[in-house]
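Below is one structure, written out as structure tokens; the observations come after it.
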Amino acid sequence: VIVQNQETSTYLITKAEIDSQISTAKAFPRSLKMFMDTALSMATLTEEIAQSCVYALPRQGKMIEGASVRLAEIICSSYGNIRSGARIVENDGKTVTAQGICHDLERNVCMTVETKRRITNKMGQTFNDDMQVVTGNAACAVAFRNAVYKTIPAALVTSIYEEVKKVAKGSAATLLDRRNKAIEWFNTNGIKNEQICKVLD
């Protein structure tokens with residue numbers, strides 16, 4: 001009688017699950033056209049959704065822009081036949097390390113990406129437990145995003161991302177509506193149009 005330990009049992013169960021998923025993926029291959037149509041329609045459903053699919057961060061006087069984790073979630077969901085996720089793999093008291101994984105079951109391509117985030121302030125003091133959890137979640141989101149974009153071909157992601165940016169910025173018609181809403185908000189809060197024009201020159 002062979003007694004398997006818990007680690008071996010977990011490995012065998014996971015292997016069986018992945019093997020089954022790969023077999024299913026081979027039997028029902030994805031349609032790239034359906035993927036593009038689905039991802040594009042989801043990501044550009046509203047301006048708010050499109051805006052959440054793009055991030056912009058100031059770095060050394062420049063603005064760095066890219067596809068966000070929200071777009072990665074939409075693309076991953078639309079692509080199909082894929083396993084993905086993220087988890088914290090290390091916390092040394094100074095940084096947390098998140099590991100993102102994305103496995104294309106149909107093409108048998110798997111990417112693993114690790115991301116570090118500092119959990120100390122400028123004085124070297126370690127964050128409290130809540131802030132460590134928040135930082136860990138942020139690290140997981142970045143690791144997940146990077147793993148997805150490394151697995152799914154950039155040629156597919158880029159075309160969707162470019163369309164998302166157009167919707168996020170808004171058309172001439174939607175720009176007018178957004179401007180009117182902004183002015184209305186300022187007016188409601190006691191700020192006159194003359195003051196707005198003066199600030200905006």
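Ordering of the structure tokens sets the chain letters (A, B, ...), residue numbers begin anew at 1 in every chain, and ligands are numbered from 1 in the order given.
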Report task. Can you pull out every residue within 10 Å of A:Val96, counting only C-alpha atoms, but drop anything in the same chain fewer than 4 positions away, and send it as number ranges by chain? Result -> A: 88-92, 115-119, 132-133, 135-137, 139-140
Export of prior selection with all heavy atoms as a CSV table (one decimal), in the first residue's frame:
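Output (again_16.csv):
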```csv
chain,number,residue,atom,x,y,z
A,88,ILE,N,0.4,36.3,-3.5
A,88,ILE,CA,1.6,36.8,-2.8
A,88,ILE,C,2.5,35.5,-2.5
A,88,ILE,O,2.0,34.6,-1.9
A,88,ILE,CB,1.3,37.5,-1.5
A,88,ILE,CG1,0.4,38.7,-1.8
A,88,ILE,CG2,2.5,37.9,-0.8
A,88,ILE,CD1,1.1,39.8,-2.6
A,89,VAL,N,3.8,35.6,-2.9
A,89,VAL,CA,4.7,34.5,-2.7
A,89,VAL,C,5.7,34.8,-1.7
A,89,VAL,O,6.4,33.8,-1.2
A,89,VAL,CB,5.3,34.0,-4.0
A,89,VAL,CG1,4.3,33.4,-5.0
A,89,VAL,CG2,6.1,35.2,-4.7
A,90,GLU,N,5.9,36.0,-1.3
A,90,GLU,CA,6.9,36.4,-0.3
A,90,GLU,C,6.6,37.7,0.3
A,90,GLU,O,6.1,38.6,-0.3
A,90,GLU,CB,8.3,36.4,-0.9
A,90,GLU,CG,9.4,36.6,0.1
A,90,GLU,CD,10.8,36.7,-0.6
A,90,GLU,OE1,10.9,36.8,-1.8
A,90,GLU,OE2,11.8,36.6,0.2
A,91,ASN,N,6.9,37.8,1.6
A,91,ASN,CA,6.8,39.0,2.4
A,91,ASN,C,7.9,39.0,3.4
A,91,ASN,O,7.9,38.3,4.4
A,91,ASN,CB,5.4,39.1,3.1
A,91,ASN,CG,5.3,40.5,3.9
A,91,ASN,OD1,6.3,41.1,4.2
A,91,ASN,ND2,4.1,40.8,4.2
A,92,ASP,N,9.0,39.8,3.1
A,92,ASP,CA,10.2,39.8,3.9
A,92,ASP,C,10.2,40.9,4.9
A,92,ASP,O,11.3,41.2,5.6
A,92,ASP,CB,11.5,39.8,3.0
A,92,ASP,CG,11.5,41.1,2.2
A,92,ASP,OD1,10.7,42.0,2.4
A,92,ASP,OD2,12.4,41.2,1.3
A,115,THR,N,6.2,40.5,-9.3
A,115,THR,CA,6.3,42.0,-9.1
A,115,THR,C,6.5,42.3,-7.6
A,115,THR,O,5.9,41.7,-6.7
A,115,THR,CB,5.0,42.6,-9.5
A,115,THR,OG1,4.7,42.4,-10.9
A,115,THR,CG2,5.0,44.1,-9.3
A,116,LYS,N,7.4,43.2,-7.3
A,116,LYS,CA,7.7,43.6,-5.9
A,116,LYS,C,7.1,44.9,-5.6
A,116,LYS,O,7.1,45.8,-6.5
A,116,LYS,CB,9.2,43.6,-5.7
A,116,LYS,CG,9.9,42.3,-5.5
A,116,LYS,CD,11.3,42.4,-5.1
A,116,LYS,CE,12.0,41.1,-4.9
A,116,LYS,NZ,11.5,40.4,-3.7
A,117,ARG,N,6.6,45.1,-4.4
A,117,ARG,CA,6.2,46.4,-3.9
A,117,ARG,C,6.7,46.6,-2.5
A,117,ARG,O,6.6,45.7,-1.7
A,117,ARG,CB,4.6,46.5,-3.9
A,117,ARG,CG,4.0,46.6,-5.3
A,117,ARG,CD,4.3,48.0,-5.8
A,117,ARG,NE,3.7,48.3,-7.1
A,117,ARG,CZ,4.2,48.0,-8.3
A,117,ARG,NH1,5.4,47.4,-8.3
A,117,ARG,NH2,3.6,48.2,-9.4
A,118,ARG,N,7.2,47.8,-2.2
A,118,ARG,CA,7.7,48.2,-0.9
A,118,ARG,C,6.6,48.3,0.1
A,118,ARG,O,5.5,48.8,-0.2
A,118,ARG,CB,8.5,49.5,-1.0
A,118,ARG,CG,9.3,49.8,0.2
A,118,ARG,CD,10.1,51.0,0.1
A,118,ARG,NE,9.2,52.2,0.0
A,118,ARG,CZ,9.7,53.4,-0.1
A,118,ARG,NH1,11.0,53.7,-0.2
A,118,ARG,NH2,8.8,54.4,-0.1
A,119,ILE,N,6.8,47.8,1.3
A,119,ILE,CA,5.8,47.9,2.4
A,119,ILE,C,6.4,48.7,3.6
A,119,ILE,O,6.0,48.5,4.7
A,119,ILE,CB,5.3,46.5,2.8
A,119,ILE,CG1,6.4,45.6,3.2
A,119,ILE,CG2,4.4,45.9,1.8
A,119,ILE,CD1,6.0,44.3,3.9
A,132,GLN,N,-0.5,46.6,4.3
A,132,GLN,CA,0.3,45.5,3.6
A,132,GLN,C,-0.7,44.7,2.7
A,132,GLN,O,-0.3,44.3,1.6
A,132,GLN,CB,0.9,44.6,4.7
A,132,GLN,CG,2.1,45.2,5.4
A,132,GLN,CD,2.9,44.2,6.2
A,132,GLN,OE1,3.1,43.1,5.8
A,132,GLN,NE2,3.2,44.6,7.5
A,133,VAL,N,-1.9,44.5,3.2
A,133,VAL,CA,-2.9,43.8,2.3
A,133,VAL,C,-3.2,44.6,1.1
A,133,VAL,O,-3.3,44.1,0.0
A,133,VAL,CB,-4.2,43.5,3.2
A,133,VAL,CG1,-5.3,43.0,2.2
A,133,VAL,CG2,-3.9,42.5,4.3
A,135,THR,N,-1.3,46.9,-0.3
A,135,THR,CA,-0.1,46.9,-1.2
A,135,THR,C,0.0,45.5,-1.9
A,135,THR,O,0.4,45.5,-3.1
A,135,THR,CB,1.1,47.2,-0.4
A,135,THR,OG1,1.0,48.4,0.3
A,135,THR,CG2,2.4,47.3,-1.3
A,136,GLY,N,-0.3,44.5,-1.2
A,136,GLY,CA,-0.2,43.1,-1.8
A,136,GLY,C,-1.2,43.0,-2.9
A,136,GLY,O,-0.9,42.4,-4.0
A,137,ASN,N,-2.4,43.5,-2.7
A,137,ASN,CA,-3.5,43.4,-3.7
A,137,ASN,C,-3.1,44.2,-5.0
A,137,ASN,O,-3.3,43.8,-6.1
A,137,ASN,CB,-4.8,43.9,-3.2
A,137,ASN,CG,-5.4,43.0,-2.2
A,137,ASN,OD1,-5.1,41.8,-2.1
A,137,ASN,ND2,-6.3,43.5,-1.4
A,139,ALA,N,0.0,44.8,-5.9
A,139,ALA,CA,1.1,44.0,-6.5
A,139,ALA,C,0.6,42.9,-7.3
A,139,ALA,O,1.0,42.6,-8.4
A,139,ALA,CB,2.1,43.5,-5.5
A,140,CYS,N,-0.5,42.2,-6.8
A,140,CYS,CA,-1.1,41.1,-7.5
A,140,CYS,C,-1.8,41.5,-8.8
A,140,CYS,O,-1.7,40.8,-9.8
A,140,CYS,CB,-2.2,40.4,-6.6
A,140,CYS,SG,-1.5,39.3,-5.3
```
Query raised in the report: Could you pull out the strand (DSSP E) residues of stretch 2-199 of chain A from DSSP and send them as a PyMOL selection string?
Result: chain A and resi 54-59+62-67+82-91+95-104+109-118
Query raised in the report: Of the candidates A:Cys197, A:Ile18, A:Ala86, A:Val69, which one gets nearest to A:Cys53 if we count only C-alpha atoms?
Result: A:Val69
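The residue set within 10 Å of A:Phe28, counting only C-alpha atoms and dropping same-chain residues fewer than 6 places from it, reads A:Ile22, A:Gly80, A:Asn81, A:Glu106.
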Residue selection dump (N, CA, C and O atoms) as a tab-separated table (two decimals), in the first residue's frame:
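File written: out-v7.tsv
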```
chain	number	residue	atom	x	y	z
A	22	ILE	N	-6.83	21.26	-20.81
A	22	ILE	CA	-6.11	21.30	-22.08
A	22	ILE	C	-6.86	20.48	-23.14
A	22	ILE	O	-7.01	20.90	-24.29
A	80	GLY	N	-10.68	33.14	-23.70
A	80	GLY	CA	-11.11	31.76	-23.47
A	80	GLY	C	-9.97	30.75	-23.48
A	80	GLY	O	-8.85	31.06	-23.90
A	81	ASN	N	-10.26	29.54	-23.00
A	81	ASN	CA	-9.26	28.46	-22.93
A	81	ASN	C	-7.97	28.92	-22.25
A	81	ASN	O	-6.86	28.71	-22.75
A	106	GLU	N	-4.82	26.26	-24.88
A	106	GLU	CA	-4.93	25.80	-26.27
A	106	GLU	C	-3.57	25.75	-26.96
A	106	GLU	O	-3.26	24.80	-27.69
```
Query raised in the report: Which neighbours of stretch 31-48 of chain A fall inside 12 Å, counting only C-alpha atoms, when residues of the same chain fewer than 3 positions from it are skipped, and could you give them as a ChimeraX atom specification?
Result: /A:25,28,51-54,67-81,106,152-153,155-171,174-175,177-178
Requested in this report: Write out as a PyMOL selection string all residues of stretch 82-184 of chain A that backbone DSSP assigns to alpha helix (DSSP H).
Outcome: chain A and resi 129-151+154-169+172-184
**Report entry** Top pick for closest residue to A:Ala147, considering A:Lys62, A:His103, A:Lys26, A:Lys198 and counting only C-alpha atoms
**Finding:** A:His103
Query - Length of the atom CA of A:Ala143 to atom CA of A:Glu17 vector [Å] - result: 23.4 Å
Requested in this report: Rank nothing, just name the residue among A:Ala50, A:Leu57, A:Met63, A:Ile101 nearest to A:Arg145, using only C-alpha atoms.
Outcome: A:Ile101
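Put simply, atom CA of A:Asp201 is 15.7 Å away from atom CA of A:Arg179.
Going from atom CA of A:Leu12 over to atom CA of A:Asn108, you cover 18.7 Å.
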Query raised in the report: Which residue, A:Asn121, A:Thr95, A:Ser84, A:Asn189, has the smallest gap to A:Ala141 when you use only C-alpha atoms?
Result: A:Ser84
